[in-house]
2 protein chains.
Amino acid sequence: MRGVIMYGPGDVHVVDREDPKIIEPTDAIIRLTATCICGSDLWPYRGIEPVDHTPMGHEYVGVVEEIGADVKTVKPGDFVIGSFVISDNTCEICRAGFQSKCIHAEFVAQTVGTQAEKARIPHADGTLVATPGHPDEDLVPALLAASDVLGTGWYAADAAQAGPGKTVAVVGDGAVGLMAILAARELGAERIIAMSRHPERQKLARYYGATDIVEERGEEGIARIRDLTDGYGAHSVVEAVGTQESFMQAVGATRGGGHMGYVGVNYDVQIPGIQLFFAGIHLLGGPAPVRRFLPDLIDRIWNRTIDPGRVFDLTLPLDQAAEGYKAMNERRAIKTLLTL
Amino acid sequence: MRGVIMYGPGDVHVVDREDPKIIEPTDAIIRLTATCICGSDLWPYRGIEPVDHTPMGHEYVGVVEEIGADVKTVKPGDFVIGSFVISDNTCEICRAGFQSKCIHAEFVAQTVGTQAEKARIPHADGTLVATPGHPDEDLVPALLAASDVLGTGWYAADAAQAGPGKTVAVVGDGAVGLMAILAARELGAERIIAMSRHPERQKLARYYGATDIVEERGEEGIARIRDLTDGYGAHSVVEAVGTQESFMQAVGATRGGGHMGYVGVNYDVQIPGIQLFFAGIHLLGGPAPVRRFLPDLIDRIWNRTIDPGRVFDLTLPLDQAAEGYKAMNERRAIKTLLTL
């Protein structure tokens with residue numbers, strides 16, 4: 001099969017890879033309908049994370065081709081979506097809703113690589129969710145978004161306890177930030193402040209539900225959020241950038257006793273303990289337990305109440321993956337969908 | 001009046017200070033019945049925090065002597081307890097239960113100094129809570145503990161969501177850690193693991209409700225907690241030490257999706273963002289909103305269902321405060337009560 005391999009930073013190739021096979025009786029093999037490039041794929045692309053002839057990709061929708069002997073909840077022919085983290089969905093951690101910390105968790109990015117024609121998905125029963133039927137073609141991007149970017153943005157908004165009566169501030173106007181805005185709107189937030197200085201993304205932020213835009217960053221950005229909230233700070237803040245500055249901006253924008261959700265941090269981020277202490281906020285983050293949200297997100301997409309697919313502003317065939325990476329790296333594209 | 005002044009690190013004196021007076025109409029003047037020395041008072045004592053002829057003390061119980069024109073909820077003659085942070089108890093943050101982040105918050109340690117015969121308490125209506133009557137003498141230490149050490153330990157356990165069915169690990173066997181153990185028991189925790197290697201404190205930990213003791217620290221301590229919890233980690237972890245090592249030990253002992261409460265960090269603690277991210281835990285900490293818990297804690301003490309007063313293992317007259325600091329600094333005493 002064809003699949004993306006990143007030879008080294010900035011060096012992306014689509015090459016022949018060995019076809020995946022069932023290894024464990026809990027595995028399934030899927031044929032991908034679509035896959036995509038994640039903002040986090042840019043970390044190795046930019047040399048921030050190590051990479052050496054690495055199979056890439058962790059977002060996926062597709063059709064089940066084959067299942068292991070123990071797989072019960074999906075069958076060949078099903079259209080399925082899975083999280084970017086493998087989970088058994090039965091352990092205590094999964095049952096508490098934190099499937100990304102499952103006792104059997106595996107990162108698809110590390111062990112599978114879904115920018116490819118096919119993929120072996122371990123713990124298929126716990127990881128994959130079948131849609132009610134085969135989707136109309138125009139729903140495929142939205143369903144694909146649920147695999148990570150929508151699920152991650154949704155988790156960030158949920159972790160920040162976005163909801164009725166709340167003012168939510170979202171730091172970051174990338175795909176995850178935009179999805180957190182959509183989630184905050186769906187969860188009933190009263191006011192949604194997008195922190196963005198990119199005109200095109202401000203438009204999309206407003207489309208997804210932002211009521212206010214703040215262009216300032218750092219201390220100035222914090223001061224603007226305080227101004228907009230009677231001096232208190234936002235009830236709920238989503239951090240969707242992952243730098244030291246953006247993390248501390250999010251901490252500062254959260255009111256005492258408020259909730260901050262964060263869904264990615266760079267390797268060099270160091271949080272000053274004393275500053276976090278005196279902020280007095282709830283903090284929840286980590287790789288999103290997308291599996292918790294998938295059934296609900298599939299419903300909302302299937303009923304066409306949400307349209308997360310608009311975060312894909314570039315669509316290319318898998319064979320042109322290198323151009324997809326380049327466009328995202330140069331911020332010419334928010335997110336690239338790869339067709340098969 | 002007599003009061004404690006720390007001239008510099010390790011240099012404590014009891015000297016004449018000016019009597020406090022009503023300044024704002026929301027002030028009250030109290031005559032202290034008892035006060036005490038906090039573990040955090042050892043930071044300037046050890047030169048970790050700046051100190052220069054500073055009035056000391058932030059824990060207090062006493063009798064109201066005089067009130068400002070706007071004070072409505074306490075009156076001269078009332079026996080009162082207050083938090084170590086001043087709060088109006090009416091702003092949005094207070095109403096959400098985070099009085100230590102009140103829009104009018106002031107640290108008693110910075111502006112009052114209650115290791116003294118009298119104290120001016122700003123925002124008396126929001127800060128002070130009157131007991132049902134004048135307490136029996138043997139209840140005074142317990143009520144004094146509510147002002148900070150019990151309230152802080154209680155908040156830590158509450159922040160860690162200690163409760164029925166939960167395994168709670170407490171890092172630290174100082175006064176706050178011991179109070180967190182008591183709180184976890186009162187909140188109905190199934191299992192309470194005290195991380196302590198000090199035989200006397202282990203005894204007190206068991207008295208307050210610890211079911212298990214773990215003596216190992218750091219990675220070994222984390223491994224022991226995992227062993228005791230089927231590999232998952234504790235549902236709830238309280239961090240009551242405040243060093244880099246103890247903070248990361250608490251992070252590592254918390255299961256994915258679990259809750260960690262922390263109630264003090266040293267100035268040099270730096271939390272590696274990526275490690276916190278991949279832990280995937282709820283984190284809540286800061287100066288405890290003791291005011292939220294005071295009415296409930298007073299009830300429990302008044303009804304003699306809890307006995308937090310045993311954390312005071314040294315009682316001295318105010319004039320011997322210097323010896324009280326010395327004993328705590330040398331770990332000869334857990335906590336020193338100062339009588340007046």
# chains A, B, ... in the order shown; residues from 1 in each chain; ligands from 1
$ interface_residues --of "chain B" --to "chain A" --cutoff "7 Å" --atoms "only C-alpha atoms" --output "mmCIF file with N, CA and C atoms, in the first residue's frame"
data_model
loop_
_atom_site.group_PDB
_atom_site.id
_atom_site.type_symbol
_atom_site.label_atom_id
_atom_site.label_comp_id
_atom_site.auth_asym_id
_atom_site.auth_seq_id
_atom_site.Cartn_x
_atom_site.Cartn_y
_atom_site.Cartn_z
ATOM 1 N N ILE B 93 -16.538 35.776 42.508
ATOM 2 C CA ILE B 93 -15.543 34.736 42.819
ATOM 3 C C ILE B 93 -15.864 34.105 44.176
ATOM 4 N N PHE B 98 -14.588 30.592 45.887
ATOM 5 C CA PHE B 98 -13.126 30.788 45.828
ATOM 6 C C PHE B 98 -12.726 32.105 46.501
ATOM 7 N N LYS B 101 -9.585 34.115 46.294
ATOM 8 C CA LYS B 101 -9.336 34.909 45.079
ATOM 9 C C LYS B 101 -10.365 36.032 44.950
ATOM 10 N N GLY B 256 -4.651 8.587 35.545
ATOM 11 C CA GLY B 256 -5.164 9.373 34.428
ATOM 12 C C GLY B 256 -6.614 9.744 34.705
ATOM 13 N N GLY B 257 -6.940 11.021 34.539
ATOM 14 C CA GLY B 257 -8.293 11.489 34.827
ATOM 15 C C GLY B 257 -8.564 11.696 36.301
ATOM 16 N N VAL B 265 3.416 25.729 47.145
ATOM 17 C CA VAL B 265 4.600 25.365 46.359
ATOM 18 C C VAL B 265 5.698 26.371 46.666
ATOM 19 N N ASN B 266 6.910 25.870 46.696
ATOM 20 C CA ASN B 266 8.056 26.757 46.866
ATOM 21 C C ASN B 266 8.239 27.613 45.616
ATOM 22 N N TYR B 267 8.959 28.716 45.802
ATOM 23 C CA TYR B 267 9.129 29.665 44.710
ATOM 24 C C TYR B 267 9.904 29.096 43.530
ATOM 25 N N VAL B 269 9.702 26.003 42.260
ATOM 26 C CA VAL B 269 9.093 24.852 41.570
ATOM 27 C C VAL B 269 8.753 25.216 40.125
ATOM 28 N N GLN B 270 9.216 24.385 39.202
ATOM 29 C CA GLN B 270 8.908 24.539 37.770
ATOM 30 C C GLN B 270 8.282 23.227 37.318
ATOM 31 N N ILE B 271 7.050 23.295 36.842
ATOM 32 C CA ILE B 271 6.348 22.072 36.449
ATOM 33 C C ILE B 271 6.581 21.838 34.962
ATOM 34 N N PRO B 272 7.229 20.718 34.591
ATOM 35 C CA PRO B 272 7.442 20.459 33.161
ATOM 36 C C PRO B 272 6.078 20.251 32.492
ATOM 37 N N GLY B 273 5.754 21.153 31.564
ATOM 38 C CA GLY B 273 4.434 21.125 30.924
ATOM 39 C C GLY B 273 4.133 19.780 30.287
ATOM 40 N N ILE B 274 5.107 19.206 29.630
ATOM 41 C CA ILE B 274 4.860 17.979 28.871
ATOM 42 C C ILE B 274 4.549 16.809 29.813
ATOM 43 N N PHE B 277 1.066 17.323 31.017
ATOM 44 C CA PHE B 277 0.166 17.046 29.892
ATOM 45 C C PHE B 277 -0.096 15.550 29.767
ATOM 46 N N PHE B 278 0.979 14.777 29.710
ATOM 47 C CA PHE B 278 0.796 13.337 29.484
ATOM 48 C C PHE B 278 0.257 12.617 30.725
ATOM 49 N N ALA B 279 0.311 13.265 31.887
ATOM 50 C CA ALA B 279 -0.320 12.678 33.077
ATOM 51 C C ALA B 279 -1.845 12.688 32.926
ATOM 52 N N GLY B 280 -2.362 13.705 32.245
ATOM 53 C CA GLY B 280 -3.808 13.756 31.987
ATOM 54 C C GLY B 280 -4.668 13.832 33.237
ATOM 55 N N ILE B 281 -4.261 14.671 34.182
ATOM 56 C CA ILE B 281 -4.975 14.744 35.467
ATOM 57 C C ILE B 281 -5.637 16.107 35.676
ATOM 58 N N HIS B 282 -6.620 16.116 36.579
ATOM 59 C CA HIS B 282 -7.216 17.364 37.054
ATOM 60 C C HIS B 282 -6.300 17.937 38.141
ATOM 61 N N LEU B 283 -6.027 19.218 38.033
ATOM 62 C CA LEU B 283 -5.165 19.879 39.010
ATOM 63 C C LEU B 283 -5.915 21.088 39.557
ATOM 64 N N LEU B 284 -5.965 21.193 40.867
ATOM 65 C CA LEU B 284 -6.591 22.376 41.478
ATOM 66 C C LEU B 284 -5.813 22.708 42.736
ATOM 67 N N GLY B 285 -5.409 23.954 42.848
ATOM 68 C CA GLY B 285 -4.694 24.349 44.043
ATOM 69 C C GLY B 285 -4.658 25.848 44.179
ATOM 70 N N GLY B 286 -3.940 26.278 45.195
ATOM 71 C CA GLY B 286 -3.831 27.702 45.481
ATOM 72 C C GLY B 286 -4.074 27.920 46.963
ATOM 73 N N PRO B 287 -3.969 29.181 47.385
ATOM 74 C CA PRO B 287 -4.314 29.498 48.775
ATOM 75 C C PRO B 287 -5.768 29.047 49.008
#
$ select_by_dssp --residues "region 45-126 of chain B" --states "alpha helix (DSSP H)" --output "compact mmCIF listing (two decimals) with N, CA and C atoms, in the first residue's frame"
# COMPACT_ATOMS: atom_id res chain seq x y z
N TYR B 45 11.60 32.47 57.69
CA TYR B 45 12.50 32.10 58.79
C TYR B 45 13.75 31.44 58.24
N GLU B 92 -18.46 37.80 42.67
CA GLU B 92 -18.73 36.58 41.87
C GLU B 92 -17.79 35.43 42.24
N ILE B 93 -16.54 35.78 42.51
CA ILE B 93 -15.54 34.74 42.82
C ILE B 93 -15.86 34.11 44.18
N CYS B 94 -16.20 34.95 45.15
CA CYS B 94 -16.58 34.44 46.48
C CYS B 94 -17.82 33.56 46.37
N ARG B 95 -18.82 34.03 45.61
CA ARG B 95 -20.07 33.26 45.51
C ARG B 95 -19.83 31.92 44.83
N VAL B 108 -3.79 38.14 55.20
CA VAL B 108 -3.64 38.58 56.58
C VAL B 108 -2.17 38.64 56.96
N ALA B 109 -1.39 37.69 56.43
CA ALA B 109 0.05 37.65 56.70
C ALA B 109 0.74 38.94 56.24
N GLN B 110 0.22 39.53 55.15
CA GLN B 110 0.90 40.70 54.58
C GLN B 110 0.42 42.02 55.18
N THR B 111 -0.85 42.08 55.60
CA THR B 111 -1.38 43.38 56.00
C THR B 111 -1.79 43.45 57.48
N ALA B 124 -14.89 42.55 57.65
CA ALA B 124 -15.24 41.65 58.76
C ALA B 124 -16.46 40.79 58.43
N ASP B 125 -17.47 41.37 57.79
CA ASP B 125 -18.67 40.59 57.46
C ASP B 125 -18.35 39.42 56.53
N GLY B 126 -17.43 39.65 55.61
CA GLY B 126 -17.11 38.61 54.64
C GLY B 126 -16.07 37.62 55.14
$ closest_residue --among "B:Ala116, B:Ile30, B:Ile222, B:Ile306" --to "Ile181 (chain B)" --atoms "only C-alpha atoms"
B:Ile306
$ residues_around --residues "Glu117 (chain A)" --least-positions-apart "2" --cutoff "6 Å" --atoms "only C-alpha atoms" --output "ChimeraX atom specification"
/A:1-2,31-32
$ select_by_dssp --residues "region 156-322 of chain A" --states "strand (DSSP E or B)" --output "compact mmCIF listing (two decimals) with N, CA and C atoms, in the first residue's frame"
# COMPACT_ATOMS: atom_id res chain seq x y z
N PRO A 164 -23.64 27.04 29.77
CA PRO A 164 -24.57 28.17 29.93
C PRO A 164 -24.09 29.17 30.98
N THR A 167 -18.47 32.76 30.26
CA THR A 167 -17.63 33.43 29.28
C THR A 167 -16.42 32.55 29.03
N VAL A 168 -16.23 32.19 27.77
CA VAL A 168 -15.15 31.29 27.39
C VAL A 168 -14.14 32.06 26.54
N ALA A 169 -12.87 31.98 26.90
CA ALA A 169 -11.83 32.57 26.05
C ALA A 169 -11.02 31.44 25.43
N VAL A 170 -10.76 31.56 24.13
CA VAL A 170 -10.00 30.52 23.43
C VAL A 170 -8.69 31.12 22.94
N VAL A 171 -7.58 30.63 23.47
CA VAL A 171 -6.26 31.09 23.05
C VAL A 171 -5.83 30.19 21.89
N ALA A 189 -22.32 28.11 25.86
CA ALA A 189 -21.62 29.26 26.44
C ALA A 189 -22.30 30.56 26.05
N ARG A 191 -20.82 33.67 26.06
CA ARG A 191 -19.93 34.58 25.35
C ARG A 191 -18.66 33.81 25.02
N ILE A 192 -18.17 33.96 23.80
CA ILE A 192 -16.98 33.22 23.38
C ILE A 192 -15.99 34.21 22.77
N ILE A 193 -14.86 34.36 23.44
CA ILE A 193 -13.84 35.31 23.00
C ILE A 193 -12.72 34.55 22.30
N ALA A 194 -12.53 34.84 21.02
CA ALA A 194 -11.43 34.22 20.27
C ALA A 194 -10.22 35.12 20.34
N MET A 195 -9.08 34.58 20.76
CA MET A 195 -7.84 35.35 20.77
C MET A 195 -7.11 35.04 19.46
N ASP A 212 -16.69 37.66 20.38
CA ASP A 212 -15.70 38.74 20.52
C ASP A 212 -14.35 38.25 20.00
N ILE A 213 -13.57 39.20 19.54
CA ILE A 213 -12.21 38.88 19.09
C ILE A 213 -11.24 39.74 19.92
N VAL A 214 -10.18 39.13 20.43
CA VAL A 214 -9.12 39.89 21.09
C VAL A 214 -7.83 39.63 20.33
N ALA A 234 -12.04 35.25 32.54
CA ALA A 234 -13.03 34.34 31.95
C ALA A 234 -13.29 33.16 32.88
N HIS A 235 -14.52 32.66 32.84
CA HIS A 235 -14.84 31.46 33.62
C HIS A 235 -14.06 30.25 33.08
N SER A 236 -13.95 30.21 31.75
CA SER A 236 -13.43 29.03 31.06
C SER A 236 -12.42 29.50 30.03
N VAL A 237 -11.25 28.91 30.04
CA VAL A 237 -10.24 29.28 29.05
C VAL A 237 -9.69 28.01 28.41
N VAL A 238 -9.64 28.04 27.08
CA VAL A 238 -9.06 26.94 26.32
C VAL A 238 -7.69 27.37 25.82
N GLU A 239 -6.68 26.55 26.07
CA GLU A 239 -5.34 26.82 25.55
C GLU A 239 -5.10 25.86 24.39
N THR A 254 -7.77 33.28 33.10
CA THR A 254 -8.79 32.51 33.83
C THR A 254 -9.05 33.15 35.19
N ARG A 255 -10.32 33.34 35.55
CA ARG A 255 -10.64 33.90 36.87
C ARG A 255 -10.28 32.93 37.99
N GLY A 256 -10.09 33.43 39.18
CA GLY A 256 -9.86 32.56 40.33
C GLY A 256 -11.00 31.57 40.45
N GLY A 257 -10.67 30.30 40.61
CA GLY A 257 -11.68 29.26 40.69
C GLY A 257 -12.24 28.85 39.34
N GLY A 258 -11.79 29.51 38.27
CA GLY A 258 -12.24 29.16 36.92
C GLY A 258 -11.55 27.91 36.40
N HIS A 259 -11.86 27.55 35.17
CA HIS A 259 -11.37 26.30 34.59
C HIS A 259 -10.60 26.55 33.31
N MET A 260 -9.42 25.97 33.24
CA MET A 260 -8.61 26.05 32.02
C MET A 260 -8.42 24.64 31.46
N GLY A 261 -8.72 24.49 30.18
CA GLY A 261 -8.49 23.24 29.47
C GLY A 261 -7.36 23.44 28.48
N TYR A 262 -6.39 22.51 28.46
CA TYR A 262 -5.26 22.66 27.52
C TYR A 262 -5.05 21.33 26.83
N GLN A 270 7.71 25.26 30.70
CA GLN A 270 7.91 25.07 32.14
C GLN A 270 6.93 26.00 32.84
N ILE A 271 6.05 25.43 33.63
CA ILE A 271 5.01 26.23 34.28
C ILE A 271 5.53 26.65 35.66
N PRO A 272 5.68 27.96 35.90
CA PRO A 272 6.15 28.38 37.23
C PRO A 272 5.09 28.00 38.27
N HIS A 282 -8.69 25.76 38.22
CA HIS A 282 -8.77 24.35 37.85
C HIS A 282 -8.04 24.17 36.52
N LEU A 283 -7.21 23.16 36.45
CA LEU A 283 -6.46 22.89 35.23
C LEU A 283 -6.71 21.44 34.84
N LEU A 284 -7.09 21.24 33.59
CA LEU A 284 -7.25 19.87 33.10
C LEU A 284 -6.79 19.83 31.65
N GLY A 285 -5.92 18.88 31.35
CA GLY A 285 -5.47 18.77 29.97
C GLY A 285 -4.82 17.44 29.73
N LEU A 314 -7.79 22.79 2.68
CA LEU A 314 -6.99 22.30 1.56
C LEU A 314 -7.22 20.79 1.45
N THR A 315 -7.54 20.34 0.23
CA THR A 315 -7.76 18.91 0.01
C THR A 315 -6.84 18.46 -1.11
N LEU A 316 -6.08 17.42 -0.83
CA LEU A 316 -5.11 16.90 -1.81
C LEU A 316 -5.19 15.38 -1.81
N PRO A 317 -4.81 14.76 -2.92
CA PRO A 317 -4.69 13.30 -2.89
C PRO A 317 -3.50 12.90 -2.00
$ closest_residue --among "B:Arg291, B:Cys36, B:Lys335, B:Asp313" --to "Ala105 (chain B)" --atoms "only C-alpha atoms"
B:Arg291
$ residues_around --residues "Leu297 (chain A)" --least-positions-apart "6" --cutoff "9 Å" --atoms "only C-alpha atoms" --output "ChimeraX atom specification"
/A:143,146,150-151,306
$ residues_around --residues "Glu200 (chain A)" --least-positions-apart "6" --cutoff "12 Å" --atoms "only C-alpha atoms" --output "PyMOL selection string"
chain A and resi 173-174+178+206-207+311+313+331-334
$ closest_residue --among "B:His134, B:His123, B:Arg197, B:Arg292" --to "Asp88 (chain B)" --atoms "only C-alpha atoms"
B:His123
$ residues_around --residues "region 63-75 of chain A" --least-positions-apart "3" --cutoff "10 Å" --atoms "only C-alpha atoms" --output "PyMOL selection string"
chain A and resi 21-33+78-81+118-126+128-130+134
